[in-house]
$ cat coords_20.csv   # CSV, C-alpha atoms
chain,number,residue,atom,x,y,z
A,1,MET,CA,61.7,29.5,-116.9
A,2,ASN,CA,63.2,30.0,-120.3
A,3,ILE,CA,60.6,32.5,-121.6
A,4,GLN,CA,60.4,33.2,-125.4
A,5,ASN,CA,58.0,34.7,-127.9
A,6,PHE,CA,56.7,34.1,-131.3
A,7,THR,CA,54.1,35.9,-133.5
A,8,TYR,CA,50.8,34.4,-134.4
A,9,LYS,CA,48.3,36.3,-136.6
A,10,GLY,CA,50.1,39.5,-135.8
A,11,ILE,CA,50.1,39.2,-132.0
A,12,PRO,CA,52.8,38.3,-129.6
A,13,VAL,CA,52.5,34.8,-127.9
A,14,SER,CA,54.6,34.2,-124.9
A,15,TYR,CA,55.7,30.7,-123.9
A,16,SER,CA,58.4,28.9,-121.9
A,17,ASP,CA,60.5,25.9,-122.9
A,18,ASP,CA,62.6,24.1,-120.3
A,19,GLY,CA,64.4,20.8,-120.1
A,20,ALA,CA,64.6,17.8,-122.4
A,21,GLY,CA,62.8,14.6,-122.9
A,22,GLU,CA,59.1,13.8,-123.0
A,23,VAL,CA,57.1,16.9,-123.6
A,24,ILE,CA,54.8,18.2,-120.9
A,25,LEU,CA,52.4,20.9,-122.0
A,26,LEU,CA,50.9,23.0,-119.1
A,27,LEU,CA,48.0,25.3,-119.7
A,28,HIS,CA,46.8,27.9,-117.1
A,29,GLY,CA,43.3,29.0,-116.2
A,30,PHE,CA,41.2,32.1,-116.5
A,31,LEU,CA,43.0,35.3,-115.1
A,32,GLU,CA,46.2,33.3,-114.7
A,33,SER,CA,49.3,33.0,-116.8
A,34,LYS,CA,52.1,30.5,-117.5
A,35,LEU,CA,53.8,31.8,-114.3
A,36,ILE,CA,51.4,29.6,-112.1
A,37,TRP,CA,53.5,26.6,-113.2
A,38,GLN,CA,56.9,28.2,-112.2
A,39,PRO,CA,57.0,26.4,-108.8
A,40,PHE,CA,56.8,23.0,-110.6
A,41,ILE,CA,59.1,23.6,-113.6
A,42,LYS,CA,62.4,22.7,-111.9
A,43,GLU,CA,61.2,19.3,-110.7
A,44,LEU,CA,59.3,18.5,-113.9
A,45,ALA,CA,62.2,19.6,-116.2
A,46,ARG,CA,64.7,17.2,-114.6
A,47,LYS,CA,63.6,14.4,-116.9
A,48,ASN,CA,61.2,16.1,-119.2
A,49,ARG,CA,60.8,19.0,-121.6
A,50,VAL,CA,58.2,21.4,-120.1
A,51,ILE,CA,56.4,23.9,-122.3
A,52,THR,CA,53.9,26.5,-121.0
A,53,MET,CA,52.1,29.2,-122.8
A,54,ASP,CA,50.2,32.4,-122.0
A,55,LEU,CA,46.8,31.8,-123.6
A,56,LEU,CA,45.1,34.5,-125.7
A,57,GLY,CA,44.5,37.7,-123.8
A,58,HIS,CA,46.4,36.5,-120.8
A,59,GLY,CA,49.9,37.2,-119.5
A,60,GLN,CA,52.2,38.5,-122.3
A,61,THR,CA,50.0,37.1,-125.1
A,62,GLY,CA,47.9,39.5,-127.1
A,63,CYS,CA,44.2,39.4,-128.0
A,64,LEU,CA,42.5,38.2,-131.2
A,65,GLY,CA,39.1,39.8,-131.1
A,66,TYR,CA,36.0,40.0,-128.9
A,67,ILE,CA,35.6,36.2,-128.4
A,68,HIS,CA,38.4,33.8,-127.6
A,69,SER,CA,36.8,30.5,-128.2
A,70,MET,CA,38.6,27.4,-126.7
A,71,GLU,CA,39.2,26.3,-130.3
A,72,LEU,CA,40.8,29.7,-131.1
A,73,MET,CA,42.9,29.5,-128.0
A,74,ALA,CA,44.2,26.1,-129.1
A,75,GLU,CA,45.4,27.3,-132.5
A,76,PRO,CA,48.6,29.0,-131.4
A,77,ILE,CA,49.4,26.0,-129.2
A,78,ILE,CA,49.3,23.8,-132.2
A,79,GLU,CA,51.5,26.2,-134.2
A,80,LEU,CA,54.0,26.4,-131.4
A,81,LEU,CA,54.3,22.6,-131.1
A,82,GLU,CA,54.7,22.3,-134.8
A,83,ASN,CA,57.4,25.0,-134.8
A,84,LEU,CA,59.2,23.2,-132.0
A,85,LYS,CA,58.8,19.9,-133.9
A,86,VAL,CA,57.0,18.3,-131.0
A,87,LYS,CA,55.5,14.9,-132.1
A,88,ASP,CA,53.4,14.3,-129.0
A,89,CYS,CA,52.9,15.6,-125.5
A,90,ILE,CA,51.3,15.1,-122.1
A,91,VAL,CA,48.9,18.0,-121.8
A,92,LEU,CA,47.6,19.3,-118.4
A,93,GLY,CA,45.2,22.2,-118.0
A,94,HIS,CA,43.9,24.0,-115.0
A,95,SER,CA,40.2,25.2,-115.2
A,96,MET,CA,39.9,27.1,-118.5
A,97,GLY,CA,43.2,25.5,-119.5
A,98,GLY,CA,41.4,22.2,-119.3
A,99,TYR,CA,38.8,23.4,-121.7
A,100,VAL,CA,41.5,24.5,-124.1
A,101,ALA,CA,43.4,21.2,-123.6
A,102,LEU,CA,40.2,19.4,-124.8
A,103,ALA,CA,39.8,21.7,-127.8
A,104,PHE,CA,43.5,21.1,-128.6
A,105,ALA,CA,43.1,17.3,-128.3
A,106,GLU,CA,40.0,17.2,-130.4
A,107,ASN,CA,41.7,19.2,-133.2
A,108,ARG,CA,45.0,17.2,-133.0
A,109,PRO,CA,44.5,13.9,-131.2
A,110,ASP,CA,47.8,12.7,-132.8
A,111,LEU,CA,49.7,15.2,-130.6
A,112,VAL,CA,48.2,14.0,-127.3
A,113,LYS,CA,49.9,11.2,-125.4
A,114,LYS,CA,48.1,11.8,-122.1
A,115,ILE,CA,45.6,14.4,-120.9
A,116,GLY,CA,44.8,15.8,-117.4
A,117,LEU,CA,42.0,18.1,-116.3
A,118,ILE,CA,42.8,20.0,-113.2
A,119,ASN,CA,39.7,21.5,-111.5
A,120,SER,CA,38.2,21.4,-114.9
A,121,THR,CA,35.4,19.6,-116.9
A,122,SER,CA,34.5,18.4,-120.3
A,123,ARG,CA,30.9,19.5,-119.8
A,124,GLU,CA,29.5,22.7,-121.3
A,125,ASP,CA,28.2,25.5,-119.2
A,126,SER,CA,24.7,25.1,-117.8
A,127,LYS,CA,22.1,27.7,-118.6
A,128,GLU,CA,22.6,29.2,-115.2
A,129,ARG,CA,26.4,29.2,-115.6
A,130,LYS,CA,26.0,31.0,-119.0
A,131,ARG,CA,23.8,33.7,-117.3
A,132,ASN,CA,26.6,34.1,-114.7
A,133,ARG,CA,29.1,34.6,-117.5
A,134,ASP,CA,26.9,37.4,-118.9
A,135,ARG,CA,26.7,39.0,-115.5
A,136,ALA,CA,30.5,38.7,-115.2
A,137,VAL,CA,31.0,40.4,-118.6
A,138,LYS,CA,28.8,43.3,-117.4
A,139,ALA,CA,30.7,43.5,-114.1
A,140,VAL,CA,34.1,43.5,-116.0
A,141,LYS,CA,32.9,46.3,-118.3
A,142,GLU,CA,31.8,48.4,-115.2
A,143,ASN,CA,34.9,47.8,-113.1
A,144,PRO,CA,37.5,45.2,-114.1
A,145,LYS,CA,39.7,45.7,-111.1
A,146,ARG,CA,36.8,45.2,-108.7
A,147,PHE,CA,35.7,42.1,-110.6
A,148,ILE,CA,39.2,40.6,-110.2
A,149,ARG,CA,39.7,41.6,-106.5
A,150,MET,CA,36.4,40.0,-105.6
A,151,GLY,CA,36.7,37.0,-107.9
A,152,ILE,CA,40.1,35.6,-107.0
A,153,PRO,CA,39.5,34.9,-103.3
A,154,ASN,CA,36.3,33.1,-104.2
A,155,LEU,CA,38.3,30.5,-106.1
A,156,PHE,CA,39.7,29.2,-102.8
A,157,CYS,CA,37.6,27.3,-100.3
A,158,GLU,CA,36.2,29.5,-97.6
A,159,GLU,CA,38.6,28.5,-94.8
A,160,ASN,CA,41.7,28.9,-97.1
A,161,ARG,CA,40.9,32.6,-97.8
A,162,THR,CA,42.7,33.5,-94.6
A,163,VAL,CA,45.3,30.7,-94.7
A,164,PHE,CA,46.5,31.7,-98.2
A,165,THR,CA,46.3,35.5,-97.8
A,166,GLU,CA,49.7,36.1,-99.4
A,167,ALA,CA,49.1,33.7,-102.2
A,168,ILE,CA,45.7,35.3,-103.0
A,169,LYS,CA,47.4,38.7,-103.0
A,170,LYS,CA,50.0,37.5,-105.4
A,171,VAL,CA,47.5,35.8,-107.7
A,172,THR,CA,45.3,38.9,-107.6
A,173,GLU,CA,48.2,41.3,-108.5
A,174,ALA,CA,49.1,39.1,-111.5
A,175,ALA,CA,45.4,38.9,-112.6
A,176,LEU,CA,45.1,42.7,-112.5
A,177,LYS,CA,47.5,42.8,-115.4
A,178,THR,CA,45.1,40.9,-117.6
A,179,PRO,CA,43.6,43.4,-120.2
A,180,THR,CA,39.9,44.0,-120.1
A,181,GLN,CA,39.5,42.7,-123.6
A,182,GLY,CA,41.2,39.4,-122.7
A,183,ILE,CA,39.0,38.9,-119.6
A,184,ILE,CA,35.8,39.5,-121.6
A,185,ALA,CA,36.9,37.4,-124.6
A,186,ALA,CA,37.7,34.5,-122.3
A,187,LEU,CA,34.4,34.7,-120.5
A,188,GLU,CA,32.5,34.8,-123.9
A,189,GLY,CA,34.6,31.9,-125.1
A,190,MET,CA,34.0,29.7,-122.1
A,191,LYS,CA,30.3,30.4,-122.3
A,192,ILE,CA,30.0,29.0,-125.9
A,193,ARG,CA,32.3,26.1,-125.5
A,194,PRO,CA,30.7,22.8,-126.6
A,195,GLU,CA,30.1,19.6,-124.6
A,196,ARG,CA,33.1,17.3,-125.0
A,197,THR,CA,32.2,14.5,-122.6
A,198,HIS,CA,31.6,12.1,-125.5
A,199,PHE,CA,35.0,13.0,-127.0
A,200,LEU,CA,36.8,12.6,-123.7
A,201,SER,CA,35.2,9.2,-123.1
A,202,GLY,CA,36.4,8.0,-126.5
A,203,LEU,CA,39.9,9.5,-126.2
A,204,ASN,CA,42.1,6.4,-126.0
A,205,VAL,CA,45.0,7.8,-123.9
A,206,PRO,CA,45.7,7.8,-120.1
A,207,LYS,CA,43.4,10.5,-118.6
A,208,LEU,CA,43.6,12.3,-115.2
A,209,MET,CA,41.0,14.2,-113.3
A,210,ILE,CA,42.0,16.3,-110.3
A,211,ALA,CA,38.9,17.3,-108.4
A,212,SER,CA,38.5,19.2,-105.1
A,213,LYS,CA,35.7,18.4,-102.6
A,214,LYS,CA,35.2,22.1,-101.7
A,215,ASP,CA,35.6,23.6,-105.2
A,216,PRO,CA,33.4,26.7,-105.3
A,217,VAL,CA,33.4,26.7,-109.1
A,218,LEU,CA,32.7,23.0,-110.0
A,219,ASP,CA,30.5,20.5,-108.4
A,220,PHE,CA,32.6,17.7,-106.9
A,221,LYS,CA,30.0,15.0,-107.3
A,222,ALA,CA,29.5,15.8,-111.0
A,223,LEU,CA,33.3,15.7,-111.6
A,224,LYS,CA,33.5,12.3,-109.9
A,225,LYS,CA,30.7,11.0,-112.1
A,226,GLU,CA,32.4,12.5,-115.2
A,227,ALA,CA,35.7,10.8,-114.3
A,228,GLU,CA,34.0,7.5,-113.9
A,229,GLU,CA,32.2,7.7,-117.2
A,230,ALA,CA,35.3,8.7,-119.1
A,231,CYS,CA,37.5,6.1,-117.4
A,232,MET,CA,39.8,8.7,-115.9
A,233,THR,CA,42.2,8.3,-113.0
A,234,LEU,CA,40.5,10.4,-110.3
A,235,VAL,CA,42.6,12.3,-107.7
A,236,VAL,CA,40.7,14.0,-104.9
A,237,PHE,CA,41.8,17.0,-102.9
A,238,PRO,CA,40.0,18.4,-99.8
A,239,ASP,CA,40.1,22.1,-100.7
A,240,GLY,CA,39.1,24.5,-103.4
A,241,HIS,CA,39.5,25.4,-107.1
A,242,MET,CA,43.2,26.4,-106.8
A,243,SER,CA,44.5,23.0,-106.0
A,244,PHE,CA,48.0,23.8,-107.3
A,245,ILE,CA,48.2,26.3,-104.4
A,246,GLU,CA,45.9,24.9,-101.8
A,247,ASN,CA,47.4,21.4,-102.1
A,248,LYS,CA,50.7,22.2,-103.6
A,249,ASP,CA,52.9,19.3,-102.4
A,250,GLU,CA,50.4,16.6,-103.0
A,251,PHE,CA,49.5,18.2,-106.3
A,252,SER,CA,53.1,18.0,-107.4
A,253,LYS,CA,53.4,14.3,-106.4
A,254,GLN,CA,50.3,13.4,-108.3
A,255,ILE,CA,51.4,15.2,-111.4
A,256,MET,CA,54.7,13.5,-111.3
A,257,TYR,CA,53.1,10.1,-110.8
A,258,PHE,CA,50.8,10.6,-113.8
A,259,ILE,CA,53.6,11.8,-116.0
A,260,GLU,CA,55.8,8.8,-115.1

$ encode --input "coords_20.csv" --output "structure tokens"
Amino acid sequence: MNIQNFTYKGIPVSYSDDGAGEVILLLHGFLESKLIWQPFIKELARKNRVITMDLLGHGQTGCLGYIHSMELMAEPIIELLENLKVKDCIVLGHSMGGYVALAFAENRPDLVKKIGLINSTSREDSKERKRNRDRAVKAVKENPKRFIRMGIPNLFCEENRTVFTEAIKKVTEAALKTPTQGIIAALEGMKIRPERTHFLSGLNVPKLMIASKKDPVLDFKALKKEAEEACMTLVVFPDGHMSFIENKDEFSKQIMYFIE
């Protein structure tokens, strides 16, 4: 990965830029970083230009206050693409990255050629989900490391928590580097994100939904219905929320198929 930095509103923003051709923008999820895409960069960059970014408060990118709304997270992405003179791109986002992808697309639809939601949704948080976000913020304030160590394994379907022990350890170690402010700001931002189902349905570009039957975070039946209503191509995996790890090979094939 060709990792670089630029400054946005006084904070460092870390991104990678590899290959040449059609631009693929990859956005990571909560407690992740651009490094989750590293296993896929080589293949994708053979015929494309692949750009990844550490979202606000994650990886090597700084924080911009107590709340990182999805709209705020999208702002440095737009600035980066303008700086790199990118005219349009295929944007794919995992989990929180999907929320940011939708905020980005709503702000600058002219930059979006295709969009893919990976274990993500255009729906806003339910009341219960918002209460869970508040509980999570409290838990992070009390003990951020415990929150991360308990939370990461629960993103995998139950049987995979023993199958992917090493992967879970690696993801957890990376997540532990996320600053407490970044964790809380993201939780607060996800909690207040607006409903974007109507926007997604009206977005006239090819759309992909990757959903997992045993996703412990998102309801599979609801995602399936959402994909149908928004006229999205639906790809179904059998496992959990971390499909890029739990179903790595098939995930790679489906992403390549969508891009091409």

$ atom_distance --input "coords_20.csv" --atom1 "atom CA of A:Leu102" --atom2 "atom CA of A:Leu64"
20.0 Å

$ closest_residue --input "coords_20.csv" --among "A:Ala139, A:Leu92, A:Met150, A:Val100" --to "A:Ile168" --atoms "only C-alpha atoms"
A:Met150

$ atom_distance --input "coords_20.csv" --atom1 "atom CA of A:Thr197" --atom2 "atom CA of A:Glu124"
8.7 Å

$ closest_residue --input "coords_20.csv" --among "A:Glu173, A:Asp239, A:Glu71, A:Glu188" --to "A:Val140" --atoms "only C-alpha atoms"
A:Glu188

$ atom_distance --input "coords_20.csv" --atom1 "atom CA of A:Lys221" --atom2 "atom CA of A:Gly202"
21.4 Å

$ closest_atom_pairs --input "coords_20.csv" --of "stretch 83-186 of chain A" --to "stretch 15-38 of chain A" --cutoff "9 Å" --atoms "all atoms listed in the file" --output "Markdown table"
| residue | atom | partner | partner_atom | distance |
| --- | --- | --- | --- | --- |
| A:Val86 | CA | A:Val23 | CA | 7.5 |
| A:Lys87 | CA | A:Val23 | CA | 8.9 |
| A:Asp88 | CA | A:Val23 | CA | 7.0 |
| A:Cys89 | CA | A:Val23 | CA | 4.8 |
| A:Ile90 | CA | A:Ile24 | CA | 4.8 |
| A:Val91 | CA | A:Leu25 | CA | 4.5 |
| A:Leu92 | CA | A:Leu26 | CA | 5.0 |
| A:Gly93 | CA | A:Leu27 | CA | 4.5 |
| A:His94 | CA | A:Gly29 | CA | 5.2 |
| A:Ser95 | CA | A:Gly29 | CA | 5.0 |
| A:Met96 | CA | A:Gly29 | CA | 4.5 |
| A:Gly97 | CA | A:Leu27 | CA | 4.8 |
| A:Gly98 | CA | A:Leu27 | CA | 7.3 |
| A:Val100 | CA | A:Leu27 | CA | 7.9 |
| A:Ala101 | CA | A:Leu27 | CA | 7.3 |
| A:Ile148 | CA | A:Leu31 | CA | 8.2 |
| A:Ile152 | CA | A:Leu31 | CA | 8.6 |
| A:Val171 | CA | A:Glu32 | CA | 7.5 |
| A:Thr172 | CA | A:Leu31 | CA | 8.6 |
| A:Ala174 | CA | A:Glu32 | CA | 7.2 |
| A:Ala175 | CA | A:Leu31 | CA | 5.0 |
| A:Leu176 | CA | A:Leu31 | CA | 8.1 |
| A:Lys177 | CA | A:Leu31 | CA | 8.8 |
| A:Thr178 | CA | A:Leu31 | CA | 6.5 |
| A:Gly182 | CA | A:Leu31 | CA | 8.8 |
| A:Ile183 | CA | A:Leu31 | CA | 7.0 |
| A:Ala186 | CA | A:Phe30 | CA | 7.2 |

$ build_atoms --input "coords_20.csv" --residues "stretch 17-28 of chain A" --atoms "all heavy atoms" --output "compact mmCIF listing (two decimals), in the frame of the given file"
# COMPACT_ATOMS: atom_id res chain seq x y z
N ASP A 17 60.04 27.19 -122.43
CA ASP A 17 60.50 25.90 -122.90
C ASP A 17 61.72 25.50 -122.12
O ASP A 17 62.79 26.09 -122.27
CB ASP A 17 60.82 26.02 -124.43
CG ASP A 17 61.15 24.69 -125.08
OD1 ASP A 17 61.13 23.64 -124.38
OD2 ASP A 17 61.40 24.68 -126.30
N ASP A 18 61.55 24.50 -121.24
CA ASP A 18 62.60 24.10 -120.30
C ASP A 18 62.83 22.60 -120.33
O ASP A 18 61.87 21.83 -120.42
CB ASP A 18 62.30 24.56 -118.91
CG ASP A 18 62.21 26.06 -118.76
OD1 ASP A 18 61.11 26.61 -118.95
OD2 ASP A 18 63.24 26.69 -118.46
N GLY A 19 64.09 22.18 -120.20
CA GLY A 19 64.40 20.80 -120.10
C GLY A 19 64.42 20.02 -121.38
O GLY A 19 64.28 20.60 -122.46
N ALA A 20 64.58 18.70 -121.27
CA ALA A 20 64.60 17.80 -122.40
C ALA A 20 64.00 16.51 -122.10
O ALA A 20 63.99 16.08 -120.95
CB ALA A 20 66.09 17.64 -122.88
N GLY A 21 63.47 15.86 -123.13
CA GLY A 21 62.80 14.60 -122.90
C GLY A 21 61.38 14.59 -123.35
O GLY A 21 61.00 15.34 -124.26
N GLU A 22 60.56 13.80 -122.67
CA GLU A 22 59.10 13.80 -123.00
C GLU A 22 58.52 15.14 -122.75
O GLU A 22 58.82 15.80 -121.77
CB GLU A 22 58.44 12.72 -122.11
CG GLU A 22 57.00 12.47 -122.49
CD GLU A 22 56.49 11.14 -121.96
OE1 GLU A 22 56.72 10.86 -120.77
OE2 GLU A 22 55.89 10.40 -122.74
N VAL A 23 57.66 15.55 -123.67
CA VAL A 23 57.10 16.90 -123.60
C VAL A 23 55.88 16.97 -122.70
O VAL A 23 54.92 16.21 -122.87
CB VAL A 23 56.74 17.42 -125.01
CG1 VAL A 23 56.10 18.81 -124.91
CG2 VAL A 23 57.99 17.49 -125.88
N ILE A 24 55.92 17.90 -121.74
CA ILE A 24 54.80 18.20 -120.90
C ILE A 24 54.28 19.57 -121.21
O ILE A 24 55.02 20.55 -121.11
CB ILE A 24 55.20 18.16 -119.37
CG1 ILE A 24 56.10 16.96 -119.05
CG2 ILE A 24 53.97 18.21 -118.49
CD1 ILE A 24 55.46 15.63 -119.27
N LEU A 25 53.03 19.67 -121.63
CA LEU A 25 52.40 20.90 -122.00
C LEU A 25 51.47 21.35 -120.85
O LEU A 25 50.53 20.63 -120.52
CB LEU A 25 51.65 20.83 -123.29
CG LEU A 25 50.81 22.04 -123.72
CD1 LEU A 25 51.70 23.24 -124.02
CD2 LEU A 25 49.96 21.69 -124.94
N LEU A 26 51.72 22.52 -120.25
CA LEU A 26 50.90 23.00 -119.10
C LEU A 26 50.15 24.24 -119.51
O LEU A 26 50.73 25.22 -119.99
CB LEU A 26 51.86 23.32 -117.94
CG LEU A 26 52.74 22.17 -117.43
CD1 LEU A 26 53.70 22.68 -116.35
CD2 LEU A 26 51.90 21.04 -116.90
N LEU A 27 48.84 24.20 -119.31
CA LEU A 27 48.00 25.30 -119.70
C LEU A 27 47.27 25.89 -118.47
O LEU A 27 46.63 25.17 -117.71
CB LEU A 27 46.92 24.81 -120.71
CG LEU A 27 47.48 24.15 -121.98
CD1 LEU A 27 46.34 23.63 -122.86
CD2 LEU A 27 48.37 25.12 -122.75
N HIS A 28 47.39 27.19 -118.31
CA HIS A 28 46.80 27.90 -117.10
C HIS A 28 45.35 28.16 -117.30
O HIS A 28 44.76 27.97 -118.37
CB HIS A 28 47.60 29.19 -116.92
CG HIS A 28 47.39 30.19 -118.03
ND1 HIS A 28 46.26 30.97 -118.14
CD2 HIS A 28 48.18 30.53 -119.09
CE1 HIS A 28 46.34 31.74 -119.20
NE2 HIS A 28 47.50 31.50 -119.81
